[in-house]
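Trainee: Have a look at the structure that comes next, please.
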Amino acid sequence: MSKNKFVVKTLVISMAAAMATPVLADSKQLPRIDVVGQGYDAVTKQPGAVSIVTKEDIQRAQPRSTEDVLRRVPGVHVKGEEETAVVVNVGIRGLPASDYKTLVLEDGVPIQPGIFVGNARYYNPRIQRMERVEVHKGATHRYGPNTIGGVINYITKTPEDGFAVSGKVGSWNTREGTLEIGGSNTAGDAFFGLIYTKADSDGFQNKGYKMDDLMIKAGTAIGDDQMISVKFSQYSNDANISYRGLFPDAYKAGARFNPAPDDYYITERTAFDINHQWDISNDMKLQTLVYWSGMSREYWRFGLENQGRTTNSAGQTIWKYNDTVQGNNRSFERKGLDTRLSFNHDSLGIKNQAELGVTLMNEEMKDVRVLANRATPRSGVTSRNRLDSADSLAIYGQNRFELTDRLAITAGLRMETYEQRRNDLQTEASTDKFSNTEFMPGMGATYQLVPEVQLYASVYRAFSPPLVGSVIGSDDTPTEAEKSVNIELGARGAANNFTYELTAFQMDFSNQVDPGISDIKAPNEGSALVQGLEAALGYDFRNGFTIDTNLTWVPTAKYREDRGSGGAEKGNRFENSPEITANLALGYAVGAMQTALLVHHTGEFFGNAANVEALTVDSDGNWGGKVAAFTTADLTANFNVNKQFNVFGAVKNLTDERYIAGLRQGIYAGPSRSFELGARYKF
C-alpha cells in the first residue's frame, strides 16, 4: 500500500473515532437488499433450498477467508489455491469449482469484477467484516445474471456502538489486527460504523501477503418512512502467489516451498454504495440501490526456459525461470442501479406478495499486457491494450400466491438484455459488438404438509452470459449464452431439537460453456446434465452439545457429447466436480466457553475434462489427473472472559493431512497443520 493511501486511511479512522459516540447498544440494520431475509419465515417463503451462515457459525469456524465458511455449506465445493483465498474457486451442485456460474453479492451489490467482460474470481471479499452469508440455490428471478448455480450474498457487519479491537497471531508468522467503531445518535435513527483490518503473513509455502481492508457505513432516517445509507470500502493485497504449483515428485516428498517465488498478484478495489428505502405504506416498499466499484489486478509472472523445469539441491523437480516478466494487468469499473418495488395485494381474493424490479449496469475492463525484465520487473513495453465493455438491462417480476394457509405458488419472469464490445486501443480498430436478450421464466411452490414438514419444488430457466472474448473473435462468430433448465424438489423443517433439509436437483444444460476465456478463441460448449441430492441435519442435545452435518451427492455431472477441445468426450465428468462432499460440526458450550470440532470431506475429482487418471500436463502447461479424496478437521475454542474481553484459538488441519487441493499449472497442496490465537476487547 502506498504512503498516501496509508495516510488517508489513518485520517479516516482517526476522524471516525472522534465521531463515534457510544449511545445505544441495540442491534441496527441499515437499508440493504437481502436475498433471503431474516428469520425462519423468510426461509419458508423460498420455493427452493437456501442456507444461512449465521454470525454464530462464523464465530465457531474462526475462518481465514470466505472459502472457510462456504465449504461447509451443503452443495458447495471449493477448490483451494492458498489459505487466504485471494482468488476464489467455488462450484455449487456439481458445477466445476473453476467455473463462475454463481452470482456473488455483498449487501445485494454485485462484486465479481467482470460478469460480462472478464474473469469473475479476481476479487474475494474479506470474511473479517461479514456478519452473515446467504446462499440461495433455488429458483430466483430477483437477481442475475450468472444464477445457474444460485446466489451468494455476503452481509456485512454494522458495528455496535463503541470501540472494539481484536488481534490474531498464528503459524507462518501470520499477524492480523481489526478495529471496529460504531456510533448512533440519541434518537436511534442515525448510525455510523467502521471496520478496518490489516494483516500480513509469510504464508503457507512462503506465499506471503500484505492486506488492508477498510469499510465505512453510515445511515440516517429521512422523516418517518424513509432511510438512506452509504457504504464505502477499500481493499488492497500484495500477494506472492501464482498459478504455478508443485511438480508431483516435489509434492510427494512433502515440499513446502513457493514454486513461483518471484510471481506477484496485486489487487486493489474501491467501492461506494448508496441505499434508499421508502416504506410507502404497511403493504408497499420501494428500495433503490446505486453502486460503483473500481478494481485493478496486476499479475506479474516470470517466464520459463525452453524446458521449463530443472531440479533443486534436494533432487526435486522445480520450475526453471528466466529473466523475462509478463504483466497481465486488468482494471475494472462497474456502475449500476437496482430499484425494486415490493407490495402485498388481495387480487383473486387471496393474499399475494409481489415484487417488480429494474437493474441497469455498465462494466468495463481494460486489459493491458506488459513485457518487462528482472531488472525492472513491474514496468516495460505494452504488448496488448484493449477495452472490453458491456451494458445490460434487466427487468423482472414475481408474485407469490398464497392459495391456502398451507400452499403457496411463486411465478416469475426475468428479462436480461445486454451488449458486449471489444475495442483494441493499440490498433484503433473498429469496435466489435455482440448483443443478446434472454428470458428466464420460472415457477415454484411450497406446501406445509404438517408443522414439522414443508415441501418445496421449483422449475426455472437460468443463464450465464459468455465473456466478451467468447462472443467476439477473429471470425466474428457469435457464441450462445450458457443456458440450463433447473429443477428442485425438497423438504425442510424442524421438530423439537431437530432441524433438517433434503433436496433433489437437476440442471439440464442446452448449452454448457467452458468459462474464463478472455482471449479470442471459441469456447468449449455443448449440452450437459447434472443430477444430485443434498441433505443437512442438525440436533441440539440441550446439554451443551450440538451436531450439524450435511452431505452432497452428485452422481451425474457429465458432458452429453464430444467437445471440440480440452479432451472432453461424451459421458466424461466435469472437471473440479467431486461426487461426494460432506461436513460434520460437533459443538460444545458450557458457561463462557464454546468449542467445536469441524470435519470436512471432499471426494475424488478430475482435474480436467479429459478425465485422465494419472497426473499429466497439456501443451498449455495445465495439469490434469484424478485428485484423491481427503478429509480435514479443525478444532476451535472461544472463551468470554467477561462482557468486554474474549479470547479465541484454533488448530486448522488438526491431523496434518497432506492432500491435493486442486490442479492448475502444477499441484496446489492443501495447507498443513497450523495454529492461531487471538483476542478481542470491546470498550
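Ordering of the C-alpha cells sets the chain letters (A, B, ...); residue numbers start at 1 within each chain; ligands are numbered from 1 in the order shown.
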Can you tell me, as JSON, numbers by chain, what residues are no more than 9 Å from Arg142 (chain A) when counting only C-alpha atoms, ignoring any on the same chain fewer than 6 positions away?
Mentor: {"A": [35, 340, 355, 356, 357, 396, 397, 398, 412, 414]}
Trainee: Please extract the residues of region 181-313 of chain A with a backbone DSSP assignment of strand (DSSP E or B) and present them as a PyMOL selection string.
Mentor: chain A and resi 181-184+190-201+209-222+226-239+244+246+264-281+284-311
Trainee: Leaving out Leu635 (chain A) and any residue of its chain fewer than 5 positions from it, which residues lie within 12 Å of it when counting only C-alpha atoms, given as a ChimeraX atom specification?
Mentor: /A:60-63,584-588,594-600,648-655,673-676
Trainee: Take the residues from that selection and write them out as a compact mmCIF listing (two decimals), in the first residue's frame, keeping N, CA and C atoms.
Mentor:
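Result file out-v6.txt:
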# COMPACT_ATOMS: atom_id res chain seq x y z
N ARG A 60 -17.84 -19.68 15.30
CA ARG A 60 -17.44 -21.05 15.63
C ARG A 60 -16.33 -21.54 14.72
N ALA A 61 -16.40 -21.19 13.42
CA ALA A 61 -15.42 -21.69 12.46
C ALA A 61 -14.10 -20.94 12.52
N GLN A 62 -14.11 -19.68 13.03
CA GLN A 62 -12.92 -18.84 13.04
C GLN A 62 -12.21 -18.90 11.67
N PRO A 63 -12.91 -18.50 10.64
CA PRO A 63 -12.38 -18.68 9.28
C PRO A 63 -11.26 -17.72 8.93
N LEU A 584 -19.16 -32.18 9.02
CA LEU A 584 -19.64 -32.54 10.35
C LEU A 584 -19.12 -31.50 11.33
N ALA A 585 -20.01 -30.93 12.14
CA ALA A 585 -19.62 -29.96 13.17
C ALA A 585 -20.15 -30.44 14.51
N LEU A 586 -19.25 -30.73 15.43
CA LEU A 586 -19.60 -31.12 16.79
C LEU A 586 -19.28 -29.94 17.70
N GLY A 587 -20.30 -29.39 18.34
CA GLY A 587 -20.10 -28.23 19.19
C GLY A 587 -20.40 -28.54 20.64
N TYR A 588 -19.71 -27.80 21.52
CA TYR A 588 -19.98 -27.93 22.95
C TYR A 588 -19.82 -26.56 23.59
N GLN A 594 -17.00 -21.97 24.46
CA GLN A 594 -17.58 -22.66 23.30
C GLN A 594 -16.44 -23.32 22.54
N THR A 595 -16.61 -24.59 22.19
CA THR A 595 -15.62 -25.31 21.40
C THR A 595 -16.33 -26.02 20.26
N ALA A 596 -15.57 -26.35 19.23
CA ALA A 596 -16.15 -27.05 18.08
C ALA A 596 -15.07 -27.86 17.37
N LEU A 597 -15.47 -29.02 16.90
CA LEU A 597 -14.65 -29.84 16.01
C LEU A 597 -15.35 -29.85 14.66
N LEU A 598 -14.67 -29.34 13.65
CA LEU A 598 -15.26 -29.19 12.32
C LEU A 598 -14.52 -30.10 11.35
N VAL A 599 -15.24 -31.05 10.77
CA VAL A 599 -14.66 -32.04 9.86
C VAL A 599 -15.21 -31.80 8.46
N HIS A 600 -14.33 -31.79 7.48
CA HIS A 600 -14.75 -31.61 6.08
C HIS A 600 -14.17 -32.73 5.22
N PHE A 648 -9.77 -16.40 21.82
CA PHE A 648 -10.14 -17.50 20.93
C PHE A 648 -8.88 -18.11 20.32
N GLY A 649 -9.02 -19.33 19.86
CA GLY A 649 -7.90 -20.02 19.25
C GLY A 649 -8.38 -21.15 18.37
N ALA A 650 -7.50 -21.63 17.50
CA ALA A 650 -7.87 -22.70 16.58
C ALA A 650 -6.65 -23.48 16.16
N VAL A 651 -6.88 -24.76 15.91
CA VAL A 651 -5.90 -25.61 15.23
C VAL A 651 -6.54 -26.03 13.92
N LYS A 652 -5.97 -25.60 12.81
CA LYS A 652 -6.50 -25.92 11.49
C LYS A 652 -5.75 -27.12 10.92
N ASN A 653 -6.50 -28.00 10.23
CA ASN A 653 -5.94 -29.26 9.73
C ASN A 653 -5.28 -30.02 10.87
N LEU A 654 -6.09 -30.36 11.84
CA LEU A 654 -5.64 -30.95 13.10
C LEU A 654 -4.75 -32.16 12.91
N THR A 655 -5.06 -33.01 11.94
CA THR A 655 -4.29 -34.25 11.74
C THR A 655 -3.13 -34.06 10.77
N ARG A 673 -0.94 -28.37 8.96
CA ARG A 673 -1.47 -28.01 10.28
C ARG A 673 -0.95 -26.64 10.71
N SER A 674 -1.84 -25.86 11.27
CA SER A 674 -1.45 -24.51 11.70
C SER A 674 -2.19 -24.15 12.97
N PHE A 675 -1.69 -23.13 13.65
CA PHE A 675 -2.23 -22.70 14.94
C PHE A 675 -2.55 -21.21 14.89
N GLU A 676 -3.61 -20.83 15.60
CA GLU A 676 -3.99 -19.43 15.67
C GLU A 676 -4.43 -19.11 17.10
Trainee: What does the distance between CA of Trp278 (chain A) and CA of Ile33 (chain A) come to in Å, to one decimal place?
Mentor: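 About the pair CA of Trp278 (chain A) and CA of Ile33 (chain A): they are 12.9 Å apart.
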Trainee: Based on DSSP run over this structure's backbone, return all residues of region 27-96 of chain A in alpha helix (DSSP H), as a JSON list (two decimals) with all heavy atoms, in the first residue's frame.
Mentor:
[["chain", "number", "residue", "atom", "x", "y", "z"],
["A", 40, "TYR", "N", -36.88, -17.55, 10.27],
["A", 40, "TYR", "CA", -37.30, -18.79, 9.64],
["A", 40, "TYR", "C", -38.44, -18.57, 8.65],
["A", 40, "TYR", "O", -38.55, -19.26, 7.64],
["A", 40, "TYR", "CB", -37.73, -19.80, 10.72],
["A", 40, "TYR", "CG", -38.05, -21.16, 10.17],
["A", 40, "TYR", "CD1", -37.04, -21.96, 9.62],
["A", 40, "TYR", "CD2", -39.35, -21.66, 10.20],
["A", 40, "TYR", "CE1", -37.33, -23.22, 9.11],
["A", 40, "TYR", "CE2", -39.64, -22.91, 9.70],
["A", 40, "TYR", "CZ", -38.63, -23.69, 9.15],
["A", 40, "TYR", "OH", -38.92, -24.93, 8.63],
["A", 41, "ASP", "N", -39.31, -17.57, 8.92],
["A", 41, "ASP", "CA", -40.40, -17.29, 8.00],
["A", 41, "ASP", "C", -39.88, -16.90, 6.62],
["A", 41, "ASP", "O", -40.49, -17.23, 5.60],
["A", 41, "ASP", "CB", -41.29, -16.18, 8.55],
["A", 41, "ASP", "CG", -42.15, -16.64, 9.72],
["A", 41, "ASP", "OD1", -42.26, -17.87, 9.90],
["A", 41, "ASP", "OD2", -42.69, -15.79, 10.45],
["A", 42, "ALA", "N", -38.77, -16.16, 6.58],
["A", 42, "ALA", "CA", -38.19, -15.76, 5.30],
["A", 42, "ALA", "C", -37.71, -16.98, 4.52],
["A", 42, "ALA", "O", -37.86, -17.05, 3.30],
["A", 42, "ALA", "CB", -37.04, -14.78, 5.51],
["A", 43, "VAL", "N", -37.16, -17.96, 5.23],
["A", 43, "VAL", "CA", -36.69, -19.18, 4.57],
["A", 43, "VAL", "C", -37.87, -19.97, 4.01],
["A", 43, "VAL", "O", -37.83, -20.46, 2.87],
["A", 43, "VAL", "CB", -35.89, -20.04, 5.56],
["A", 43, "VAL", "CG1", -35.56, -21.40, 4.95],
["A", 43, "VAL", "CG2", -34.61, -19.33, 5.97],
["A", 44, "THR", "N", -38.94, -20.09, 4.77],
["A", 44, "THR", "CA", -40.08, -20.92, 4.34],
["A", 44, "THR", "C", -40.83, -20.33, 3.15],
["A", 44, "THR", "O", -41.63, -21.03, 2.53],
["A", 44, "THR", "CB", -41.06, -21.14, 5.50],
["A", 44, "THR", "OG1", -41.54, -19.88, 5.97],
["A", 44, "THR", "CG2", -40.38, -21.89, 6.64],
["A", 55, "LYS", "N", -23.97, -15.48, 12.24],
["A", 55, "LYS", "CA", -22.86, -14.88, 12.97],
["A", 55, "LYS", "C", -22.21, -15.90, 13.90],
["A", 55, "LYS", "O", -20.98, -15.95, 14.03],
["A", 55, "LYS", "CB", -23.38, -13.68, 13.76],
["A", 55, "LYS", "CG", -22.35, -12.97, 14.60],
["A", 55, "LYS", "CD", -23.00, -11.81, 15.35],
["A", 55, "LYS", "CE", -22.00, -11.09, 16.25],
["A", 55, "LYS", "NZ", -22.65, -9.95, 16.97],
["A", 56, "GLU", "N", -23.04, -16.73, 14.52],
["A", 56, "GLU", "CA", -22.51, -17.76, 15.43],
["A", 56, "GLU", "C", -21.74, -18.82, 14.66],
["A", 56, "GLU", "O", -20.71, -19.34, 15.16],
["A", 56, "GLU", "CB", -23.67, -18.40, 16.21],
["A", 56, "GLU", "CG", -24.35, -17.49, 17.21],
["A", 56, "GLU", "CD", -25.24, -16.42, 16.56],
["A", 56, "GLU", "OE1", -25.69, -16.65, 15.41],
["A", 56, "GLU", "OE2", -25.46, -15.37, 17.18],
["A", 57, "ASP", "N", -22.19, -19.18, 13.47],
["A", 57, "ASP", "CA", -21.46, -20.14, 12.64],
["A", 57, "ASP", "C", -20.08, -19.61, 12.28],
["A", 57, "ASP", "O", -19.08, -20.35, 12.30],
["A", 57, "ASP", "CB", -22.24, -20.44, 11.36],
["A", 57, "ASP", "CG", -23.55, -21.17, 11.60],
["A", 57, "ASP", "OD1", -23.64, -21.90, 12.60],
["A", 57, "ASP", "OD2", -24.48, -20.99, 10.79],
["A", 58, "ILE", "N", -20.02, -18.33, 11.93],
["A", 58, "ILE", "CA", -18.74, -17.73, 11.56],
["A", 58, "ILE", "C", -17.81, -17.69, 12.75],
["A", 58, "ILE", "O", -16.62, -18.03, 12.65],
["A", 58, "ILE", "CB", -18.96, -16.32, 10.99],
["A", 58, "ILE", "CG1", -19.74, -16.40, 9.67],
["A", 58, "ILE", "CG2", -17.63, -15.60, 10.77],
["A", 58, "ILE", "CD1", -20.14, -15.05, 9.10],
["A", 59, "GLN", "N", -18.35, -17.32, 13.90],
["A", 59, "GLN", "CA", -17.52, -17.27, 15.11],
["A", 59, "GLN", "C", -17.00, -18.66, 15.46],
["A", 59, "GLN", "O", -15.85, -18.82, 15.87],
["A", 59, "GLN", "CB", -18.33, -16.69, 16.27],
["A", 59, "GLN", "CG", -17.51, -16.50, 17.55],
["A", 59, "GLN", "CD", -18.35, -15.93, 18.67],
["A", 59, "GLN", "OE1", -19.45, -16.41, 18.95],
["A", 59, "GLN", "NE2", -17.85, -14.88, 19.32],
["A", 60, "ARG", "N", -17.84, -19.68, 15.30],
["A", 60, "ARG", "CA", -17.44, -21.05, 15.63],
["A", 60, "ARG", "C", -16.33, -21.54, 14.72],
["A", 60, "ARG", "O", -15.40, -22.21, 15.15],
["A", 60, "ARG", "CB", -18.65, -21.97, 15.53],
["A", 60, "ARG", "CG", -18.37, -23.43, 15.83],
["A", 60, "ARG", "CD", -19.63, -24.26, 15.82],
["A", 60, "ARG", "NE", -20.26, -24.32, 14.51],
["A", 60, "ARG", "CZ", -21.34, -25.02, 14.24],
["A", 60, "ARG", "NH1", -21.95, -25.70, 15.19],
["A", 60, "ARG", "NH2", -21.86, -25.02, 13.02],
["A", 61, "ALA", "N", -16.40, -21.19, 13.42],
["A", 61, "ALA", "CA", -15.42, -21.69, 12.46],
["A", 61, "ALA", "C", -14.10, -20.94, 12.52],
["A", 61, "ALA", "O", -13.07, -21.46, 12.09],
["A", 61, "ALA", "CB", -15.99, -21.60, 11.05],
["A", 66, "THR", "N", -13.54, -16.32, 3.22],
["A", 66, "THR", "CA", -14.90, -16.71, 2.88],
["A", 66, "THR", "C", -14.97, -18.17, 2.45],
["A", 66, "THR", "O", -15.99, -18.83, 2.65],
["A", 66, "THR", "CB", -15.46, -15.82, 1.77],
["A", 66, "THR", "OG1", -14.59, -15.88, 0.64],
["A", 66, "THR", "CG2", -15.58, -14.38, 2.23],
["A", 67, "GLU", "N", -13.88, -18.70, 1.86],
["A", 67, "GLU", "CA", -13.87, -20.11, 1.47],
["A", 67, "GLU", "C", -14.10, -21.02, 2.68],
["A", 67, "GLU", "O", -14.74, -22.06, 2.57],
["A", 67, "GLU", "CB", -12.55, -20.47, 0.79],
["A", 67, "GLU", "CG", -12.43, -19.99, -0.63],
["A", 67, "GLU", "CD", -11.20, -20.54, -1.31],
["A", 67, "GLU", "OE1", -10.30, -21.07, -0.62],
["A", 67, "GLU", "OE2", -11.11, -20.42, -2.55],
["A", 68, "ASP", "N", -13.56, -20.64, 3.84],
["A", 68, "ASP", "CA", -13.68, -21.46, 5.03],
["A", 68, "ASP", "C", -15.13, -21.64, 5.47],
["A", 68, "ASP", "O", -15.49, -22.67, 6.05],
["A", 68, "ASP", "CB", -12.88, -20.84, 6.18],
["A", 68, "ASP", "CG", -11.42, -21.25, 6.16],
["A", 68, "ASP", "OD1", -11.05, -22.05, 5.29],
["A", 68, "ASP", "OD2", -10.65, -20.76, 7.01],
["A", 69, "VAL", "N", -15.97, -20.64, 5.22],
["A", 69, "VAL", "CA", -17.38, -20.79, 5.59],
["A", 69, "VAL", "C", -18.19, -21.40, 4.45],
["A", 69, "VAL", "O", -19.11, -22.19, 4.69],
["A", 69, "VAL", "CB", -18.01, -19.45, 6.03],
["A", 69, "VAL", "CG1", -17.36, -18.95, 7.30],
["A", 69, "VAL", "CG2", -17.93, -18.40, 4.95],
["A", 70, "LEU", "N", -17.85, -21.09, 3.20],
["A", 70, "LEU", "CA", -18.62, -21.63, 2.08],
["A", 70, "LEU", "C", -18.46, -23.13, 1.95],
["A", 70, "LEU", "O", -19.42, -23.84, 1.60],
["A", 70, "LEU", "CB", -18.20, -20.95, 0.77],
["A", 70, "LEU", "CG", -18.63, -19.49, 0.59],
["A", 70, "LEU", "CD1", -18.09, -18.95, -0.72],
["A", 70, "LEU", "CD2", -20.14, -19.35, 0.64]]
Trainee: Pick the closest to Phe272 (chain A) from A:Glu480, A:Asp249, A:Asp107, A:Asp224: which is it, counting only C-alpha atoms?
Mentor: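 When distances to Phe272 (chain A) are compared using only C-alpha atoms, the smallest one comes from A:Asp107.
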Trainee: Of the candidates A:Ser464, A:Gln29, A:Asn173, A:Ser379, which one gets nearest to Ala120 (chain A) if we count only C-alpha atoms?
Mentor: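 Looking only at the distances to Ala120 (chain A), the closest residue turns out to be A:Ser464.
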Trainee: To one decimal place in Å, what is the distance between CA of Tyr235 (chain A) and CA of Pro113 (chain A)?
Mentor: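 Rounded to one decimal, the two atoms are 13.3 Å apart.
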Trainee: Name all residues at most 7 Å from Ser435 (chain A) (count only C-alpha atoms; drop same-chain ones fewer than 2 positions away) and give them as an NGL selection string.
Mentor: :A and (418-420 or 433)
Trainee: Would you mind listing what lies within 9 Å of Tyr321 (chain A) as number ranges by chain, with only C-alpha atoms counted and same-chain residues fewer than 4 positions away left out?
Mentor: A: 260, 302-305, 308-309
Trainee: What would the file look like if the residues just selected were written as a PDB file, in the first residue's frame with N, CA and C atoms?
Mentor:
ATOM      1  N   ALA A 260       6.782 -20.520  -7.280  1.00  0.00           N
ATOM      2  CA  ALA A 260       6.973 -19.323  -8.122  1.00  0.00           C
ATOM      3  C   ALA A 260       7.321 -18.158  -7.207  1.00  0.00           C
ATOM      4  N   PHE A 302       7.028 -14.521 -14.040  1.00  0.00           N
ATOM      5  CA  PHE A 302       8.303 -14.732 -14.719  1.00  0.00           C
ATOM      6  C   PHE A 302       8.163 -15.837 -15.758  1.00  0.00           C
ATOM      7  N   GLY A 303       8.858 -15.652 -16.884  1.00  0.00           N
ATOM      8  CA  GLY A 303       8.823 -16.627 -17.962  1.00  0.00           C
ATOM      9  C   GLY A 303       9.682 -17.839 -17.661  1.00  0.00           C
ATOM     10  N   LEU A 304       9.527 -18.880 -18.482  1.00  0.00           N
ATOM     11  CA  LEU A 304      10.236 -20.135 -18.297  1.00  0.00           C
ATOM     12  C   LEU A 304      11.295 -20.326 -19.371  1.00  0.00           C
ATOM     13  N   GLU A 305      12.341 -21.063 -19.009  1.00  0.00           N
ATOM     14  CA  GLU A 305      13.310 -21.501 -20.005  1.00  0.00           C
ATOM     15  C   GLU A 305      12.649 -22.503 -20.950  1.00  0.00           C
ATOM     16  N   GLY A 308      11.491 -25.522 -19.258  1.00  0.00           N
ATOM     17  CA  GLY A 308      10.516 -25.155 -18.247  1.00  0.00           C
ATOM     18  C   GLY A 308      10.710 -25.773 -16.885  1.00  0.00           C
ATOM     19  N   ARG A 309      11.732 -26.618 -16.717  1.00  0.00           N
ATOM     20  CA  ARG A 309      11.911 -27.268 -15.424  1.00  0.00           C
ATOM     21  C   ARG A 309      13.365 -27.649 -15.209  1.00  0.00           C
TER      22      ARG A 309
END
Trainee: Go through A:Ala528, A:Gln307, A:Ile409, A:Gly315 one by one, measure the shortest atom-to-atom distance of each to Lys351 (chain A) using only C-alpha atoms, and give the residue with the smallest value.
Mentor: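 Between A:Ala528, A:Gln307, A:Ile409, A:Gly315, the residue approaching Lys351 (chain A) most closely is A:Ile409.
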Trainee: What separation in Å, quoted to one decimal, exists between CA of Tyr299 (chain A) and CA of Leu103 (chain A)?
Mentor: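 These two atoms are separated by 24.0 Å.
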Trainee: Neighbours of Thr382 (chain A) within 8 Å (only C-alpha atoms; same-chain residues fewer than 6 positions away dropped), as a list in words?
Mentor: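 Listed by chain and then number, they are Val368, Arg369, Val370 and Leu371 of chain A.
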Trainee: Those residues you just picked out, can you put them in a file as a PDB file, in the first residue's frame with N, CA and C atoms?
Mentor:
ATOM      1  N   VAL A 368      -4.387  -4.926 -20.225  1.00  0.00           N
ATOM      2  CA  VAL A 368      -3.067  -4.478 -20.671  1.00  0.00           C
ATOM      3  C   VAL A 368      -2.047  -5.565 -20.384  1.00  0.00           C
ATOM      4  N   ARG A 369      -1.232  -5.880 -21.382  1.00  0.00           N
ATOM      5  CA  ARG A 369      -0.135  -6.834 -21.194  1.00  0.00           C
ATOM      6  C   ARG A 369       1.180  -6.078 -21.314  1.00  0.00           C
ATOM      7  N   VAL A 370       2.031  -6.246 -20.300  1.00  0.00           N
ATOM      8  CA  VAL A 370       3.302  -5.533 -20.241  1.00  0.00           C
ATOM      9  C   VAL A 370       4.444  -6.543 -20.266  1.00  0.00           C
ATOM     10  N   LEU A 371       5.437  -6.301 -21.121  1.00  0.00           N
ATOM     11  CA  LEU A 371       6.632  -7.139 -21.195  1.00  0.00           C
ATOM     12  C   LEU A 371       7.775  -6.421 -20.485  1.00  0.00           C
TER      13      LEU A 371
END
Trainee: If we count only C-alpha atoms and set the cut-off at 12 Å, which residues sit around Asp34 (chain A), ignoring sequence neighbours fewer than 4 positions away in its own chain? Please answer as a short mmCIF file (atom, residue, chain, number, x, y, z; two decimals) with N, CA, C and O atoms, in the first residue's frame.
Mentor:
data_model
loop_
_atom_site.label_atom_id
_atom_site.label_comp_id
_atom_site.auth_asym_id
_atom_site.auth_seq_id
_atom_site.Cartn_x
_atom_site.Cartn_y
_atom_site.Cartn_z
N GLN A 29 -30.10 -2.17 11.68
CA GLN A 29 -29.93 -2.60 10.30
C GLN A 29 -30.14 -1.42 9.39
O GLN A 29 -31.21 -0.81 9.38
N LEU A 30 -29.13 -1.13 8.62
CA LEU A 30 -29.24 -0.08 7.61
C LEU A 30 -29.91 -0.67 6.37
O LEU A 30 -29.92 -1.89 6.18
N GLN A 38 -34.33 -12.30 6.93
CA GLN A 38 -34.02 -12.79 8.27
C GLN A 38 -35.18 -13.57 8.86
O GLN A 38 -36.34 -13.26 8.62
N GLY A 39 -34.84 -14.58 9.65
CA GLY A 39 -35.85 -15.37 10.34
C GLY A 39 -36.29 -16.58 9.54
O GLY A 39 -36.14 -16.66 8.32
N ALA A 42 -38.77 -16.16 6.58
CA ALA A 42 -38.19 -15.76 5.30
C ALA A 42 -37.71 -16.98 4.52
O ALA A 42 -37.86 -17.05 3.30
N VAL A 43 -37.16 -17.96 5.23
CA VAL A 43 -36.69 -19.18 4.57
C VAL A 43 -37.87 -19.97 4.01
O VAL A 43 -37.83 -20.46 2.87
N ILE A 52 -28.19 -20.48 5.36
CA ILE A 52 -27.80 -19.25 6.03
C ILE A 52 -26.63 -19.56 6.96
O ILE A 52 -26.74 -20.40 7.86
N LEU A 105 -22.76 -11.52 -4.38
CA LEU A 105 -23.17 -10.18 -3.98
C LEU A 105 -22.61 -9.85 -2.60
O LEU A 105 -22.27 -10.74 -1.82
N GLU A 106 -22.52 -8.56 -2.31
CA GLU A 106 -22.25 -8.09 -0.96
C GLU A 106 -23.30 -7.05 -0.62
O GLU A 106 -23.38 -6.00 -1.27
N ASP A 107 -24.14 -7.35 0.35
CA ASP A 107 -25.28 -6.49 0.68
C ASP A 107 -26.14 -6.21 -0.55
O ASP A 107 -26.66 -5.11 -0.74
N GLY A 108 -26.27 -7.22 -1.41
CA GLY A 108 -27.09 -7.10 -2.61
C GLY A 108 -26.41 -6.48 -3.80
O GLY A 108 -27.03 -6.35 -4.86
N VAL A 109 -25.13 -6.12 -3.69
CA VAL A 109 -24.39 -5.46 -4.76
C VAL A 109 -23.46 -6.46 -5.44
O VAL A 109 -22.69 -7.15 -4.76
N ARG A 132 -22.98 -12.36 8.18
CA ARG A 132 -23.86 -13.45 7.78
C ARG A 132 -23.64 -13.71 6.30
O ARG A 132 -23.19 -12.83 5.56
N VAL A 133 -23.95 -14.93 5.85
CA VAL A 133 -23.85 -15.27 4.44
C VAL A 133 -25.13 -15.99 4.03
O VAL A 133 -25.55 -16.95 4.70
N GLU A 134 -25.75 -15.53 2.94
CA GLU A 134 -26.93 -16.17 2.38
C GLU A 134 -26.51 -16.93 1.11
O GLU A 134 -25.85 -16.36 0.25
N VAL A 135 -26.89 -18.19 1.03
CA VAL A 135 -26.65 -18.99 -0.17
C VAL A 135 -28.00 -19.49 -0.67
O VAL A 135 -28.65 -20.31 0.00
N HIS A 136 -28.42 -18.98 -1.82
CA HIS A 136 -29.72 -19.34 -2.40
C HIS A 136 -29.45 -20.21 -3.62
O HIS A 136 -28.90 -19.75 -4.61
N ARG A 142 -35.19 -12.55 -8.90
CA ARG A 142 -34.88 -11.22 -8.36
C ARG A 142 -33.45 -10.82 -8.63
O ARG A 142 -33.10 -9.65 -8.45
N TYR A 143 -32.60 -11.76 -9.02
CA TYR A 143 -31.18 -11.47 -9.18
C TYR A 143 -30.67 -12.08 -10.47
O TYR A 143 -31.24 -13.02 -11.01
N VAL A 151 -27.13 -17.94 -5.92
CA VAL A 151 -26.67 -16.62 -5.49
C VAL A 151 -26.02 -16.75 -4.12
O VAL A 151 -26.55 -17.40 -3.22
N ILE A 152 -24.85 -16.13 -3.97
CA ILE A 152 -24.19 -15.99 -2.68
C ILE A 152 -24.23 -14.51 -2.31
O ILE A 152 -23.80 -13.66 -3.10
N ASN A 153 -24.76 -14.20 -1.14
CA ASN A 153 -24.86 -12.81 -0.69
C ASN A 153 -24.17 -12.67 0.66
O ASN A 153 -24.61 -13.25 1.66
N TYR A 154 -23.07 -11.91 0.69
CA TYR A 154 -22.37 -11.64 1.94
C TYR A 154 -23.02 -10.43 2.61
O TYR A 154 -23.17 -9.38 1.99
N ILE A 155 -23.39 -10.58 3.87
CA ILE A 155 -24.00 -9.50 4.64
C ILE A 155 -22.93 -8.92 5.57
O ILE A 155 -22.39 -9.64 6.42
N THR A 156 -22.63 -7.64 5.41
CA THR A 156 -21.57 -7.03 6.21
C THR A 156 -22.09 -6.60 7.58
O THR A 156 -23.27 -6.37 7.79
N GLN A 287 -37.24 0.05 -2.72
CA GLN A 287 -35.80 0.05 -2.42
C GLN A 287 -35.04 0.45 -3.68
O GLN A 287 -35.31 -0.06 -4.77
N LEU A 289 -30.97 1.12 -5.04
CA LEU A 289 -29.55 0.94 -4.78
C LEU A 289 -28.74 1.48 -5.95
O LEU A 289 -29.00 1.13 -7.11
N ARG A 340 -36.37 -1.74 -6.83
CA ARG A 340 -37.37 -2.81 -6.73
C ARG A 340 -38.52 -2.36 -5.82
O ARG A 340 -38.30 -1.80 -4.75
#
Trainee: Which of these residues is nearest to Val453 (chain A), using only C-alpha atoms: A:Lys210, A:Lys558, A:Arg492, A:Arg93?
Mentor: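 Ranked by minimum distance to Val453 (chain A), first place goes to A:Arg492.
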